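Shown below: work.pdb, with PDB, C-alpha atoms.
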ATOM      1  CA  MET A   1     -79.806 -34.826 -17.595
ATOM      2  CA  GLY A   2     -83.285 -33.682 -16.562
ATOM      3  CA  TRP A   3     -82.551 -30.095 -17.647
ATOM      4  CA  PHE A   4     -81.542 -30.734 -21.220
ATOM      5  CA  LYS A   5     -81.544 -33.378 -23.893
ATOM      6  CA  ARG A   6     -79.347 -33.830 -26.933
ATOM      7  CA  LEU A   7     -81.155 -33.675 -30.267
ATOM      8  CA  LYS A   8     -79.975 -34.243 -33.820
ATOM      9  CA  ASP A   9     -80.002 -30.502 -34.458
ATOM     10  CA  GLY A  10     -78.376 -29.449 -31.183
ATOM     11  CA  ILE A  11     -79.137 -29.085 -27.473
ATOM     12  CA  GLN A  12     -82.550 -28.075 -26.246
ATOM     13  CA  THR A  13     -82.912 -26.813 -22.679
ATOM     14  CA  ALA A  14     -86.119 -26.992 -20.700
ATOM     15  CA  THR A  15     -86.227 -23.212 -20.323
ATOM     16  CA  ARG A  16     -86.035 -22.722 -24.107
ATOM     17  CA  ASN A  17     -88.567 -25.337 -25.138
ATOM     18  CA  LYS A  18     -91.181 -23.632 -27.301
ATOM     19  CA  LYS A  19     -93.916 -25.475 -25.432
ATOM     20  CA  GLU A  20     -93.049 -23.387 -22.362
ATOM     21  CA  ALA A  21     -94.139 -20.213 -24.190
ATOM     22  CA  PRO A  22     -97.480 -20.529 -26.036
ATOM     23  CA  GLU A  23     -97.689 -18.960 -29.475
ATOM     24  CA  GLY A  24     -99.139 -15.498 -29.445
ATOM     25  CA  LEU A  25     -97.899 -14.601 -25.963
ATOM     26  CA  TRP A  26     -94.444 -13.194 -26.757
ATOM     27  CA  TYR A  27     -93.001 -11.117 -29.571
ATOM     28  CA  LYS A  28     -89.290 -10.986 -30.432
ATOM     29  CA  CYS A  29     -88.386  -7.872 -32.402
ATOM     30  CA  LYS A  30     -86.751  -8.546 -35.764
ATOM     31  CA  ARG A  31     -84.605  -5.437 -35.430
ATOM     32  CA  CYS A  32     -83.478  -5.042 -31.809
ATOM     33  CA  LYS A  33     -84.089  -8.718 -30.859
ATOM     34  CA  GLU A  34     -85.689  -7.638 -27.577
ATOM     35  CA  THR A  35     -88.682  -9.616 -26.326
ATOM     36  CA  SER A  36     -91.978  -8.089 -25.225
ATOM     37  CA  THR A  37     -95.436  -9.435 -24.552
ATOM     38  CA  MET A  38     -98.102  -9.343 -27.227
ATOM     39  CA  LYS A  39    -100.137  -7.203 -24.829
ATOM     40  CA  GLU A  40     -97.346  -4.583 -24.722
ATOM     41  CA  LEU A  41     -97.024  -4.756 -28.506
ATOM     42  CA  LYS A  42    -100.740  -4.183 -29.087
ATOM     43  CA  GLU A  43    -100.875  -1.365 -26.551
ATOM     44  CA  ASN A  44     -98.020   0.287 -28.485
ATOM     45  CA  PHE A  45     -99.935   0.291 -31.798
ATOM     46  CA  LEU A  46     -98.256  -2.959 -32.909
ATOM     47  CA  LYS A  47     -94.770  -1.452 -32.724
ATOM     48  CA  CYS A  48     -91.788  -2.735 -30.735
ATOM     49  CA  PRO A  49     -91.931  -1.042 -27.286
ATOM     50  CA  GLN A  50     -88.107  -0.937 -27.171
ATOM     51  CA  CYS A  51     -87.061   0.388 -30.608
ATOM     52  CA  ASN A  52     -90.344   1.486 -32.280
ATOM     53  CA  TYR A  53     -89.944  -1.028 -35.121
ATOM     54  CA  HIS A  54     -93.238  -1.142 -37.045
ATOM     55  CA  VAL A  55     -94.331  -4.775 -37.197
ATOM     56  CA  ARG A  56     -96.005  -5.865 -40.427
ATOM     57  CA  ILE A  57     -99.746  -5.998 -39.859
ATOM     58  CA  GLY A  58    -102.798  -6.926 -41.914
ATOM     59  CA  SER A  59    -105.733  -5.081 -43.410
ATOM     60  CA  HIS A  60    -108.109  -5.531 -40.482
ATOM     61  CA  ASP A  61    -105.410  -4.294 -38.082
ATOM     62  CA  TYR A  62    -105.292  -1.044 -40.063
ATOM     63  CA  PHE A  63    -109.082  -0.820 -40.146
ATOM     64  CA  ASP A  64    -109.129  -1.131 -36.353
ATOM     65  CA  LEU A  65    -106.457   1.567 -36.043
ATOM     66  CA  VAL A  66    -107.978   4.095 -38.448
ATOM     67  CA  PHE A  67    -111.747   3.744 -38.302
ATOM     68  CA  ASP A  68    -113.800   5.023 -35.367
ATOM     69  CA  GLY A  69    -115.082   1.542 -34.580
ATOM     70  CA  ASN A  70    -117.550  -0.154 -36.856
ATOM     71  CA  TYR A  71    -116.809  -0.511 -40.549
ATOM     72  CA  GLU A  72    -118.417  -2.293 -43.486
ATOM     73  CA  GLU A  73    -116.411  -4.638 -45.688
ATOM     74  CA  LEU A  74    -117.122  -4.210 -49.406
ATOM     75  CA  TYR A  75    -116.888  -6.870 -52.148
ATOM     76  CA  PRO A  76    -115.817  -9.718 -49.808
ATOM     77  CA  ASP A  77    -116.928 -12.477 -52.189
ATOM     78  CA  LEU A  78    -114.640 -11.621 -55.124
ATOM     79  CA  ILE A  79    -112.055 -14.407 -55.447
ATOM     80  CA  SER A  80    -109.247 -15.232 -57.890
ATOM     81  CA  ARG A  81    -109.602 -17.896 -60.586
ATOM     82  CA  ASP A  82    -106.930 -19.907 -62.359
ATOM     83  CA  ILE A  83    -107.608 -18.525 -65.826
ATOM     84  CA  LEU A  84    -104.221 -19.586 -67.232
ATOM     85  CA  LYS A  85    -104.160 -23.069 -65.628
ATOM     86  CA  PHE A  86    -100.849 -22.016 -64.104
ATOM     87  CA  SER A  87     -98.556 -24.352 -62.200
ATOM     88  CA  ASP A  88     -95.002 -23.971 -60.939
ATOM     89  CA  LEU A  89     -93.960 -25.864 -57.798
ATOM     90  CA  LYS A  90     -97.677 -26.002 -56.972
ATOM     91  CA  PRO A  91    -100.824 -25.444 -59.040
ATOM     92  CA  TYR A  92    -102.237 -21.942 -58.590
ATOM     93  CA  PRO A  93    -105.559 -23.191 -57.112
ATOM     94  CA  VAL A  94    -103.584 -25.015 -54.399
ATOM     95  CA  ARG A  95    -101.684 -21.817 -53.545
ATOM     96  CA  LEU A  96    -104.954 -19.906 -53.314
ATOM     97  CA  GLU A  97    -106.542 -22.474 -51.001
ATOM     98  CA  GLU A  98    -103.461 -22.578 -48.773
ATOM     99  CA  ALA A  99    -103.433 -18.767 -48.554
ATOM    100  CA  LYS A 100    -107.129 -18.713 -47.639
ATOM    101  CA  LYS A 101    -106.647 -21.289 -44.875
ATOM    102  CA  LYS A 102    -103.523 -19.560 -43.556
ATOM    103  CA  THR A 103    -104.973 -16.038 -43.451
ATOM    104  CA  GLY A 104    -108.738 -16.478 -43.214
ATOM    105  CA  LEU A 105    -109.003 -14.047 -46.149
ATOM    106  CA  ASN A 106    -110.383 -14.496 -49.658
ATOM    107  CA  GLU A 107    -107.831 -12.224 -51.324
ATOM    108  CA  ALA A 108    -104.693 -10.142 -50.816
ATOM    109  CA  LEU A 109    -106.707  -6.901 -50.685
ATOM    110  CA  THR A 110    -109.679  -6.039 -48.486
ATOM    111  CA  VAL A 111    -111.955  -3.033 -48.983
ATOM    112  CA  ALA A 112    -113.840  -1.380 -46.120
ATOM    113  CA  LYS A 113    -115.960   1.720 -45.580
ATOM    114  CA  GLY A 114    -116.142   3.530 -42.257
ATOM    115  CA  LYS A 115    -115.616   6.848 -40.519
ATOM    116  CA  VAL A 116    -112.491   8.557 -39.209
ATOM    117  CA  ASN A 117    -113.404  11.034 -36.489
ATOM    118  CA  ARG A 118    -116.892  11.018 -37.992
ATOM    119  CA  ARG A 119    -115.710  11.705 -41.553
ATOM    120  CA  PRO A 120    -116.384   8.946 -44.149
ATOM    121  CA  LEU A 121    -113.510   7.115 -45.857
ATOM    122  CA  VAL A 122    -113.063   4.043 -48.075
ATOM    123  CA  ILE A 123    -109.870   2.054 -47.445
ATOM    124  CA  CYS A 124    -108.321  -0.637 -49.663
ATOM    125  CA  ALA A 125    -105.701  -2.492 -47.605
ATOM    126  CA  MET A 126    -103.333  -5.295 -48.596
ATOM    127  CA  ASP A 127    -102.228  -8.336 -46.619
ATOM    128  CA  PHE A 128     -98.657  -9.476 -47.286
ATOM    129  CA  THR A 129     -99.396 -12.916 -45.811
ATOM    130  CA  PHE A 130    -101.743 -13.665 -48.751
ATOM    131  CA  ILE A 131     -99.301 -14.675 -51.522
ATOM    132  CA  GLY A 132     -97.050 -11.723 -50.721
ATOM    133  CA  GLY A 133     -99.855  -9.183 -51.084
ATOM    134  CA  SER A 134     -99.508  -9.730 -54.820
ATOM    135  CA  MET A 135    -101.619  -7.816 -57.316
ATOM    136  CA  GLY A 136    -103.885  -9.992 -59.422
ATOM    137  CA  SER A 137    -107.050  -9.337 -61.399
ATOM    138  CA  VAL A 138    -109.235  -9.439 -58.270
ATOM    139  CA  MET A 139    -107.139  -6.785 -56.519
ATOM    140  CA  GLY A 140    -107.456  -4.569 -59.577
ATOM    141  CA  GLU A 141    -111.208  -5.152 -59.751
ATOM    142  CA  LYS A 142    -111.714  -4.455 -56.044
ATOM    143  CA  ILE A 143    -109.813  -1.165 -56.336
ATOM    144  CA  SER A 144    -111.815  -0.306 -59.457
ATOM    145  CA  LEU A 145    -115.127  -0.999 -57.674
ATOM    146  CA  ALA A 146    -113.956   0.995 -54.654
ATOM    147  CA  ILE A 147    -113.213   3.948 -56.935
ATOM    148  CA  ASP A 148    -116.685   3.631 -58.499
ATOM    149  CA  HIS A 149    -118.198   3.662 -55.000
ATOM    150  CA  CYS A 150    -116.199   6.784 -54.109
ATOM    151  CA  LEU A 151    -117.347   8.488 -57.318
ATOM    152  CA  GLU A 152    -120.987   7.697 -56.525
ATOM    153  CA  THR A 153    -120.839   8.736 -52.862
ATOM    154  CA  LYS A 154    -118.179  11.500 -53.072
ATOM    155  CA  ILE A 155    -116.185   9.742 -50.319
ATOM    156  CA  PRO A 156    -112.340   9.971 -50.303
ATOM    157  CA  LEU A 157    -110.246   6.861 -51.000
ATOM    158  CA  MET A 158    -107.173   5.561 -49.182
ATOM    159  CA  ILE A 159    -105.062   2.618 -50.382
ATOM    160  CA  ILE A 160    -102.670   0.924 -47.953
ATOM    161  CA  SER A 161     -99.976  -0.846 -49.966
ATOM    162  CA  LYS A 162     -98.022  -3.809 -48.627
ATOM    163  CA  THR A 163     -96.991  -5.987 -51.530
ATOM    164  CA  GLY A 164     -94.325  -7.866 -53.420
ATOM    165  CA  GLY A 165     -95.771  -6.677 -56.731
ATOM    166  CA  ALA A 166     -97.647  -8.388 -59.558
ATOM    167  CA  ARG A 167     -98.966 -11.943 -59.170
ATOM    168  CA  MET A 168     -96.960 -13.970 -61.669
ATOM    169  CA  MET A 169     -99.514 -16.814 -61.652
ATOM    170  CA  GLU A 170    -101.894 -14.539 -63.571
ATOM    171  CA  GLY A 171     -99.360 -13.362 -66.141
ATOM    172  CA  ALA A 172    -100.472 -10.429 -68.304
ATOM    173  CA  TYR A 173    -103.824 -10.281 -66.498
ATOM    174  CA  SER A 174    -101.910  -9.111 -63.441
ATOM    175  CA  LEU A 175     -99.927  -6.505 -65.369
ATOM    176  CA  MET A 176    -103.127  -5.126 -66.891
ATOM    177  CA  GLN A 177    -104.217  -4.019 -63.416
ATOM    178  CA  MET A 178    -101.507  -1.333 -63.443
ATOM    179  CA  ALA A 179    -103.183   0.459 -66.360
ATOM    180  CA  LYS A 180    -106.707  -0.326 -65.172
ATOM    181  CA  THR A 181    -106.298   1.150 -61.685
ATOM    182  CA  SER A 182    -104.290   4.138 -62.912
ATOM    183  CA  ALA A 183    -106.949   4.985 -65.501
ATOM    184  CA  LYS A 184    -109.745   4.718 -62.926
ATOM    185  CA  LEU A 185    -107.857   7.038 -60.567
ATOM    186  CA  THR A 186    -107.879   9.760 -63.234
ATOM    187  CA  ARG A 187    -111.692   9.730 -62.961
ATOM    188  CA  LEU A 188    -111.371  10.237 -59.212
ATOM    189  CA  ALA A 189    -108.997  13.158 -59.793
ATOM    190  CA  LYS A 190    -111.330  14.779 -62.343
ATOM    191  CA  ALA A 191    -114.173  14.518 -59.831
ATOM    192  CA  ARG A 192    -111.891  16.239 -57.271
ATOM    193  CA  ILE A 193    -112.270  13.372 -54.780
ATOM    194  CA  PRO A 194    -109.114  12.892 -52.669
ATOM    195  CA  PHE A 195    -106.960   9.767 -52.960
ATOM    196  CA  PHE A 196    -104.456   9.080 -50.176
ATOM    197  CA  SER A 197    -101.710   6.523 -50.893
ATOM    198  CA  PHE A 198    -100.167   5.004 -47.761
ATOM    199  CA  LEU A 199     -97.031   2.932 -48.411
ATOM    200  CA  THR A 200     -95.956   0.347 -45.840
ATOM    201  CA  ASP A 201     -93.240  -2.296 -45.657
ATOM    202  CA  PRO A 202     -92.769  -3.558 -48.335
ATOM    203  CA  THR A 203     -94.260  -1.748 -51.330
ATOM    204  CA  THR A 204     -92.607  -2.990 -54.511
ATOM    205  CA  GLY A 205     -93.129  -4.028 -58.122
ATOM    206  CA  GLY A 206     -96.120  -3.158 -60.262
ATOM    207  CA  VAL A 207     -98.036  -1.599 -57.380
ATOM    208  CA  THR A 208     -95.262   0.977 -56.875
ATOM    209  CA  ALA A 209     -95.143   1.522 -60.632
ATOM    210  CA  SER A 210     -98.862   2.304 -60.763
ATOM    211  CA  PHE A 211    -101.442   3.429 -58.202
ATOM    212  CA  ALA A 212     -99.167   3.565 -55.129
ATOM    213  CA  MET A 213     -97.393   6.665 -56.441
ATOM    214  CA  LEU A 214    -100.489   8.436 -57.791
ATOM    215  CA  GLY A 215    -101.965   9.760 -54.562
ATOM    216  CA  ASP A 216    -102.917  13.362 -53.960
ATOM    217  CA  ILE A 217    -100.895  12.648 -50.827
ATOM    218  CA  ASN A 218     -98.237   9.912 -50.805
ATOM    219  CA  PHE A 219     -97.049   9.023 -47.314
ATOM    220  CA  ALA A 220     -95.443   6.070 -45.584
ATOM    221  CA  GLU A 221     -94.572   4.312 -42.351
ATOM    222  CA  PRO A 222     -91.026   4.680 -40.961
ATOM    223  CA  GLU A 223     -88.289   2.504 -42.511
ATOM    224  CA  ALA A 224     -90.597   0.909 -45.077
ATOM    225  CA  LEU A 225     -88.980  -0.693 -48.133
ATOM    226  CA  ILE A 226     -90.390   1.107 -51.178
ATOM    227  CA  GLY A 227     -89.254   0.575 -54.758
ATOM    228  CA  PHE A 228     -89.872  -1.164 -58.063
ATOM    229  CA  ALA A 229     -87.145  -3.814 -58.087
ATOM    230  CA  GLY A 230     -85.428  -4.934 -54.913
ATOM    231  CA  PRO A 231     -82.064  -3.430 -53.898
ATOM    232  CA  ARG A 232     -80.219  -6.696 -54.578
ATOM    233  CA  VAL A 233     -81.522  -6.842 -58.156
ATOM    234  CA  ILE A 234     -80.643  -3.182 -58.778
ATOM    235  CA  LYS A 235     -77.140  -3.620 -57.359
ATOM    236  CA  GLU A 236     -76.503  -6.648 -59.561
ATOM    237  CA  THR A 237     -77.829  -4.783 -62.599
ATOM    238  CA  ILE A 238     -75.890  -1.517 -62.281
ATOM    239  CA  LYS A 239     -72.824  -3.167 -60.683
ATOM    240  CA  LYS A 240     -72.497  -0.384 -58.107
ATOM    241  CA  ASP A 241     -72.996  -0.059 -54.381
ATOM    242  CA  LEU A 242     -76.247   1.633 -53.462
ATOM    243  CA  PRO A 243     -76.527   4.675 -51.150
ATOM    244  CA  GLU A 244     -77.099   3.959 -47.473
ATOM    245  CA  GLY A 245     -80.773   3.582 -46.678
ATOM    246  CA  PHE A 246     -81.626   3.265 -50.385
ATOM    247  CA  GLN A 247     -85.351   2.556 -50.957
ATOM    248  CA  THR A 248     -86.384   3.284 -47.378
ATOM    249  CA  SER A 249     -89.240   5.684 -46.811
ATOM    250  CA  GLU A 250     -86.762   8.156 -45.240
ATOM    251  CA  PHE A 251     -84.619   8.102 -48.417
ATOM    252  CA  LEU A 252     -87.687   8.629 -50.612
ATOM    253  CA  LEU A 253     -88.922  11.504 -48.437
ATOM    254  CA  GLU A 254     -85.537  13.216 -48.744
ATOM    255  CA  HIS A 255     -85.649  12.841 -52.543
ATOM    256  CA  GLY A 256     -89.195  14.107 -52.984
ATOM    257  CA  PHE A 257     -91.152  10.907 -53.613
ATOM    258  CA  LEU A 258     -93.145  11.142 -50.378
ATOM    259  CA  ASP A 259     -95.008  13.996 -48.713
ATOM    260  CA  PHE A 260     -94.371  12.812 -45.160
ATOM    261  CA  ILE A 261     -93.722   9.809 -42.906
ATOM    262  CA  VAL A 262     -96.160   8.995 -40.126
ATOM    263  CA  ASP A 263     -95.691   6.920 -36.999
ATOM    264  CA  ARG A 264     -98.453   4.359 -36.625
ATOM    265  CA  LYS A 265     -99.631   5.861 -33.344
ATOM    266  CA  ASP A 266    -100.364   9.124 -35.198
ATOM    267  CA  LEU A 267    -101.939   7.523 -38.281
ATOM    268  CA  LYS A 268    -105.597   8.068 -37.447
ATOM    269  CA  GLU A 269    -105.148  11.733 -36.544
ATOM    270  CA  ARG A 270    -103.071  12.443 -39.672
ATOM    271  CA  VAL A 271    -105.700  10.801 -41.877
ATOM    272  CA  SER A 272    -108.376  12.801 -40.040
ATOM    273  CA  ASP A 273    -106.390  16.008 -40.648
ATOM    274  CA  MET A 274    -106.140  15.231 -44.380
ATOM    275  CA  LEU A 275    -109.863  14.569 -44.619
ATOM    276  CA  THR A 276    -110.540  17.897 -42.911
ATOM    277  CA  PHE A 277    -108.085  19.743 -45.161
ATOM    278  CA  PHE A 278    -109.537  18.385 -48.398
ATOM    279  CA  ASP A 279    -113.091  18.963 -47.197
ATOM    280  CA  ASN A 280    -112.527  22.718 -46.941
TER     281      ASN A 280
END
How does this structure look as structure tokens?
Amino acid sequence: MGWFKRLKDGIQTATRNKKEAPEGLWYKCKRCKETSTMKELKENFLKCPQCNYHVRIGSHDYFDLVFDGNYEELYPDLISRDILKFSDLKPYPVRLEEAKKKTGLNEALTVAKGKVNRRPLVICAMDFTFIGGSMGSVMGEKISLAIDHCLETKIPLMIISKTGGARMMEGAYSLMQMAKTSAKLTRLAKARIPFFSFLTDPTTGGVTASFAMLGDINFAEPEALIGFAGPRVIKETIKKDLPEGFQTSEFLLEHGFLDFIVDRKDLKERVSDMLTFFDN
């Protein structure tokens, strides 16, 4: 009896007790179910060493991957407010505080300025762990300010999307960000300053319907879910089976919505190549 004990929810063996494996030491792949160490995962650009599955990562992970080293965070003190006094299962201010404590971030989007192989770049990157990377008024304002900074300094802009769409707790204020960001991007285009849109898993909703598809170059990570509504909602609406691989980045590349797909290990060099190309 020393090797296992019966619990209400089943049998727990000593070798499978979670206390035997500290959090943050092992990673079990969601796709192939193989286990690897976090060290192996990080050394492989945060991809599964067995099947190359691209693990969802946050904004600062992308900054570390793309920038040469040091980078400066812009507009870190902008935070969301509960303008509508919204409450569903929880009041909106409670959700915001929980997200801040969980992630250590102030918002779902972080803006940073740095260099990629010595060429300057401004990156706006989303964190899905912060209320699903949802787009609220602060995300729209941060992108707008980043565009203004790029216009002033003539530095290219890159947005890394990873989002469930609009933030319903802000109602129409959230939806207004679609028009606001799209309009500001036209100023960037008129100034002939490049905008690179990088779509990662998942990129859905109002973000897809606005700035995520407006890049001079639209590119994505492998097997990312990209679309407006989710496949389940579409299937229920049209009452038909969807094509295999529908809404994956590979499907969108084949149908002309993307320029290319890039493996995470090649991301920095591809971004560097684009900066060089548009600088000529």
Problem set entry | Spatial neighbours of A:Lys184, 9 Å, all atoms listed in the file, chain gap at least 5 places, as a PyMOL selection string | chain A and resi 143-144+147-148+179
Grab the residues selected above and save them as a CSV table (one decimal), in the frame of the given file with C-alpha atoms.
chain,number,residue,atom,x,y,z
A,143,ILE,CA,-109.8,-1.2,-56.3
A,144,SER,CA,-111.8,-0.3,-59.5
A,147,ILE,CA,-113.2,3.9,-56.9
A,148,ASP,CA,-116.7,3.6,-58.5
A,179,ALA,CA,-103.2,0.5,-66.4
Exercise. The PyMOL selection byres ((chain A and resi 150-164) around 8) on the file shown: which residues, as a ChimeraX atom specification?
Worked result: /A:120-128,132-135,146-149,165-166,188,191,193-205,207,212,275
Picked residues, the PyMOL selection byres ((chain A and resi 272) around 9), as a PDB file with C-alpha atoms, keeping the file's coordinate frame:
ATOM      1  CA  VAL A  66    -107.978   4.095 -38.448  1.00  0.00           C
ATOM      2  CA  VAL A 116    -112.491   8.557 -39.209  1.00  0.00           C
ATOM      3  CA  ASN A 117    -113.404  11.034 -36.489  1.00  0.00           C
ATOM      4  CA  ARG A 118    -116.892  11.018 -37.992  1.00  0.00           C
ATOM      5  CA  ARG A 119    -115.710  11.705 -41.553  1.00  0.00           C
ATOM      6  CA  LEU A 267    -101.939   7.523 -38.281  1.00  0.00           C
ATOM      7  CA  LYS A 268    -105.597   8.068 -37.447  1.00  0.00           C
ATOM      8  CA  GLU A 269    -105.148  11.733 -36.544  1.00  0.00           C
ATOM      9  CA  ARG A 270    -103.071  12.443 -39.672  1.00  0.00           C
ATOM     10  CA  VAL A 271    -105.700  10.801 -41.877  1.00  0.00           C
ATOM     11  CA  ASP A 273    -106.390  16.008 -40.648  1.00  0.00           C
ATOM     12  CA  MET A 274    -106.140  15.231 -44.380  1.00  0.00           C
ATOM     13  CA  LEU A 275    -109.863  14.569 -44.619  1.00  0.00           C
ATOM     14  CA  THR A 276    -110.540  17.897 -42.911  1.00  0.00           C
ATOM     15  CA  PHE A 277    -108.085  19.743 -45.161  1.00  0.00           C
TER      16      PHE A 277
END
For this session: Considering only C-alpha atoms, state which residue in the set A:Pro243, A:Pro231, A:Gly24, A:Gly206 is at the smallest distance from A:Met38.
Result: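 The shortest atom-to-atom distance to A:Met38 comes from A:Gly24.
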For this session: Work out how far apart atom CA of A:Asn106 and atom CA of A:Ile83 are and give it in Å to one decimal.
Result: 16.9 Å
